[in-house]
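Here's the structure, in structure tokens; my notes come after.
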Amino acid sequence: MSHLVAIVGRPNVGKSTLFNRLTQTRGAIVSEEAGTTRDRQYGKVTWLDREFSVVDTGGWVVGSEDVFEGEINKQVEIAMEEADVILFVVDVENGITDLDDEVAAKLRRSKKPVLLVANKADNYAQHYEAAEFYAFGLGDPMPISAISGSGTGDLLDAIIKALPSEGTFADEPLDAPRIAIVGRPNAGKSSLVNAFIGEERNIVTNVAGTTRDSIYTHYTKFGMNFYLVDTAGIRKRGKVNEDLEYYSVIRSIRAIESADVCVLMLDATRGIESQDLNIFSIIQKNSKGLIVCVNKWDLVADKSTQVIKTFERAIRERLAPFTDFPIIFISALTKQRIFKVLEEVQQVYERRSKRIPTHQLNEVMLPIIEATPPPATKGKYIKIKYVMQLPTAVPSFAFFANLPQWVKEPYKRFLENQIRAHWDFSGTPINIFIREK
């Protein structure tokens with residue numbers, strides 16, 4: 001099970017550069033302008049066979065000094081409450097500033113492991129300059145250069161050492177589907193949970209979760225059997241006066257990682273927004289099943305078929321290229337179509353474990369591949385001779401070819417679409433691998 005690492009610090013110390021370096025992506029925009037990082041960035045990191053999530057918590061408000069410090073403080077407070085390990089990034093070139101002191105003061109009161117990262121130490125002379133950060137009382141500063149990668153291997157080793165050991169479930173093994181209801185604030189998550197469990201026959205058991213303090217509610221009504229994974233909409237949000245948008249997503253990371261299927265709640269009165277896309281990207285990165293619920297449908301005046309189709313088309317366009325998932329229009333308040341949500345949850349979970357016999361795969365896919373082969377590259381023709389499904393938790397298919405390195409992403413999407421056209425994998429991600437025969 002993955003854990004959460006938060007990157008905190010004042011603006012322009014290289015937090016986004018470090019995020020890109022650790023995740024081996026260019027997901028975070030890097031700029032000299034303070035406040036560049038406004039949309040939150042989330043990524044996955046694998047090191048020494050351990051996987052963890054990393055969140056970039058850059059300062060994103062440009063204004064007066066008081067407002068700026070207030071936003072930094074809120075980010076650090078949320079990180080202290082939710083993260084397993086905190087990376088406090090400082091700038092060797094500029095040394096200690098007042099904002100650094102403020103962040104350090106809050107981190108010293110935290111009970112979470114804090115790694116002091118002295119960034120922009122681009123040469124060995126600057127490694128010695130990092131010694132001034134001992135004044136924070138947060139342990140040994142680790143000199144690195146996020147832009148060149150120097151020292152990041154040692155940093156990753158330290159992160160793995162600081163992360164908690166993998167959690168174990170306290171009571172019973174969770175052999176039933178684990179369902180997370182996620183979404184931005186006020187989308188109706190709590191209302192839907194209440195609609196599920198607010199009957200006369202209530203929950204059966206509460207399973208105290210892992211070392212990460214996830215809570216699992218065992219739901220066994222109407223012949224269903226699954227666990228509801230705790231999210232920000234179910235539990236209290238803590239004592240801090242937090243940034244709700246940021247807090248909802250940082251909580252959603254935990255719920256999504258603990259789930260098999262995610263129910264993404266959208267507000268019919270507001271449509272799909274950037275915050276919904278952030279949460280959707282986390283679901284995709286974690287390869288979880290997906291059901292989209294458009295809540296508050298009772299408040300929409302025009303419920304015609306044409307309006308429904310327009311809603312569905314807009315949602316799939318915003319979430320493309322992954323478009324094969326159920327969309328349900330519900331009202332958690334009036335309990336309209338909530339049983340349909342339960343049915344789809346069960347079906348999506350079953351599709352995740354679907355296994356297609358090898359002979360069926362080859363009978364269907366090989367003629368399609370022969371009729372539409374991969375494009376030739378530099379005069380070399382690619383031949384795919386065999387396909388099989390791999391024994392993995394997420395449906396994964398291996399296509400064996402003579403030149404696998406020349407098969408590009410567009411053709412992989414073509415293969416995935418053909419599989420989806422012939423077998424029902426709605427709501428589940430599919431992995432396509434091209435291997436050498």
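Just so we're on the same page: first chain in the structure tokens is A, next is B, and so on; residues restart at 1 for each chain, and ligands are numbered from 1 in the order they show up.
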
Report task. Would you kindly return, as a ChimeraX atom specification, each protein, DNA or RNA residue with an atom no farther than 9 Å from any atom of Ala398 in chain A, considering only C-alpha atoms and excluding same-chain residues fewer than 4 positions away? Result -> /A:386-390,431-435

Report task. Name all residues at most 8 Å from Ala332 in chain A (count only C-alpha atoms; drop same-chain ones fewer than 6 positions away) and give them as a PyMOL selection string. Result -> chain A and resi 188+191-192+195+295-296+338

Query raised in the report: Excluding same-chain residues fewer than 2 positions from Gly14 in chain A, what lies within 10 Å of it counting only C-alpha atoms, as a list of chain:residue names?
Result: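 Residues meeting the cut-off are A:Ile7, A:Gly9, A:Arg10, A:Pro11, A:Asn12, A:Ser16, A:Thr17, A:Leu18, A:Phe19, A:Asn20, A:Val30, A:Ser31, A:Glu32, A:Gly58, A:Val89, A:Val90, A:Asp91, A:Ala118, A:Asn119, A:Lys120, A:Ser145, A:Ala146, A:Ile147.
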
Prev. selection, N, CA and C atoms, output as a tab-separated table (two decimals), in the first residue's frame:
```tsv
chain	number	residue	atom	x	y	z
A	7	ILE	N	5.76	17.85	-0.31
A	7	ILE	CA	6.87	18.77	-0.50
A	7	ILE	C	6.40	20.17	-0.08
A	9	GLY	N	7.53	24.31	1.50
A	9	GLY	CA	8.58	25.32	1.53
A	9	GLY	C	8.08	26.60	0.90
A	10	ARG	N	8.86	27.66	1.05
A	10	ARG	CA	8.47	28.94	0.47
A	10	ARG	C	8.62	28.89	-1.05
A	11	PRO	N	8.12	29.90	-1.76
A	11	PRO	CA	8.21	29.91	-3.23
A	11	PRO	C	9.66	29.99	-3.71
A	12	ASN	N	9.85	29.47	-4.92
A	12	ASN	CA	11.13	29.59	-5.65
A	12	ASN	C	12.30	28.88	-4.97
A	16	SER	N	8.75	22.42	-7.30
A	16	SER	CA	8.20	21.81	-8.52
A	16	SER	C	9.28	21.07	-9.31
A	17	THR	N	10.49	21.64	-9.32
A	17	THR	CA	11.61	20.95	-9.99
A	17	THR	C	11.90	19.63	-9.31
A	18	LEU	N	11.86	19.62	-7.97
A	18	LEU	CA	12.08	18.38	-7.23
A	18	LEU	C	10.95	17.39	-7.50
A	19	PHE	N	9.72	17.89	-7.56
A	19	PHE	CA	8.58	17.02	-7.88
A	19	PHE	C	8.80	16.35	-9.23
A	20	ASN	N	9.17	17.13	-10.25
A	20	ASN	CA	9.41	16.57	-11.57
A	20	ASN	C	10.54	15.55	-11.56
A	30	VAL	N	7.60	24.86	-14.05
A	30	VAL	CA	8.72	25.45	-13.33
A	30	VAL	C	8.95	26.86	-13.86
A	31	SER	N	9.00	27.84	-12.95
A	31	SER	CA	9.18	29.23	-13.35
A	31	SER	C	9.83	30.00	-12.22
A	32	GLU	N	10.50	31.09	-12.58
A	32	GLU	CA	11.09	31.95	-11.57
A	32	GLU	C	10.05	32.82	-10.87
A	58	GLY	N	3.14	23.89	-3.55
A	58	GLY	CA	3.73	25.21	-3.77
A	58	GLY	C	2.85	26.34	-3.32
A	89	VAL	N	11.82	21.93	1.76
A	89	VAL	CA	12.80	22.35	0.76
A	89	VAL	C	13.22	23.79	1.04
A	90	VAL	N	14.53	24.01	1.11
A	90	VAL	CA	15.10	25.35	1.30
A	90	VAL	C	16.12	25.61	0.19
A	91	ASP	N	16.55	26.86	0.08
A	91	ASP	CA	17.41	27.30	-1.02
A	91	ASP	C	18.79	27.64	-0.47
A	118	ALA	N	18.16	20.71	1.25
A	118	ALA	CA	18.85	21.94	0.87
A	118	ALA	C	19.08	21.92	-0.64
A	119	ASN	N	18.17	22.54	-1.37
A	119	ASN	CA	18.20	22.49	-2.84
A	119	ASN	C	19.15	23.54	-3.41
A	120	LYS	N	19.42	23.39	-4.70
A	120	LYS	CA	20.28	24.28	-5.49
A	120	LYS	C	21.74	24.23	-5.04
A	145	SER	N	20.66	18.86	-5.82
A	145	SER	CA	20.36	19.74	-6.94
A	145	SER	C	19.24	19.09	-7.72
A	146	ALA	N	18.02	19.61	-7.51
A	146	ALA	CA	16.87	19.01	-8.18
A	146	ALA	C	16.97	19.13	-9.69
A	147	ILE	N	17.60	20.19	-10.17
A	147	ILE	CA	17.64	20.42	-11.62
A	147	ILE	C	18.60	19.44	-12.31
```

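The coordinates place CA of Asp122 in chain A at 18.0 Å from CA of Asp140 in chain A.
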
Query - Residues within 8 Å of Ala180 in chain A, only C-alpha atoms, excluding chain neighbours under 3 positions, as a list in words - result: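 Non-adjacent residues within range: Leu228, Val229, Asp230, Thr231, Ala255, Ile256, Ser258, Ala259, Asp260, Val261, Cys262 and Val263 of chain A.
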
Residues just named, written with N, CA and C atoms as a short mmCIF file (atom, residue, chain, number, x, y, z; two decimals), in the first residue's frame:
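Saved file result_13.cif follows:
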```cif
data_model
loop_
_atom_site.label_atom_id
_atom_site.label_comp_id
_atom_site.auth_asym_id
_atom_site.auth_seq_id
_atom_site.Cartn_x
_atom_site.Cartn_y
_atom_site.Cartn_z
N LEU A 228 -16.98 0.40 2.35
CA LEU A 228 -16.86 1.82 2.01
C LEU A 228 -15.56 2.35 2.62
N VAL A 229 -14.71 2.92 1.79
CA VAL A 229 -13.45 3.47 2.28
C VAL A 229 -13.66 4.91 2.71
N ASP A 230 -13.18 5.24 3.87
CA ASP A 230 -13.35 6.58 4.42
C ASP A 230 -12.73 7.64 3.53
N THR A 231 -13.44 8.76 3.36
CA THR A 231 -12.90 9.91 2.64
C THR A 231 -13.17 11.16 3.45
N ALA A 255 -7.84 7.64 0.18
CA ALA A 255 -9.03 6.82 -0.06
C ALA A 255 -8.91 6.06 -1.37
N ILE A 256 -8.42 6.73 -2.42
CA ILE A 256 -8.30 6.09 -3.73
C ILE A 256 -7.30 4.95 -3.68
N SER A 258 -6.57 3.09 -1.29
CA SER A 258 -7.08 1.99 -0.48
C SER A 258 -8.25 1.27 -1.13
N ALA A 259 -8.73 1.75 -2.27
CA ALA A 259 -9.97 1.25 -2.87
C ALA A 259 -9.69 0.37 -4.09
N ASP A 260 -10.72 -0.40 -4.46
CA ASP A 260 -10.71 -1.14 -5.73
C ASP A 260 -11.48 -0.37 -6.80
N VAL A 261 -12.61 0.22 -6.39
CA VAL A 261 -13.46 0.98 -7.31
C VAL A 261 -13.73 2.34 -6.69
N CYS A 262 -13.67 3.40 -7.50
CA CYS A 262 -13.91 4.76 -7.03
C CYS A 262 -15.18 5.30 -7.67
N VAL A 263 -16.02 5.91 -6.85
CA VAL A 263 -17.21 6.61 -7.32
C VAL A 263 -16.90 8.10 -7.28
#
```

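Nearest residue to Gly289 in chain A among A:Gly223, A:Pro429, A:Gly153, A:Pro410 is A:Pro429, counting only C-alpha atoms.
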
**Report entry** Nearby residues (only C-alpha atoms) at most 12 Å from Gln346 in chain A, same-chain spacing under 4 positions excluded, as a list in words
**Finding:**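 So the residues in contact are Ala176, Pro177, Arg178, Ile179, Gly223, Met224, Asn225, Phe226, Tyr227, Asp260, Val261, Cys262, Val263, Gly289, Leu290, Ile291, Phe339, Lys340, Val341, Leu342, Glu350, Arg351, Arg352, Ser353, Gly427 and Thr428 of chain A.
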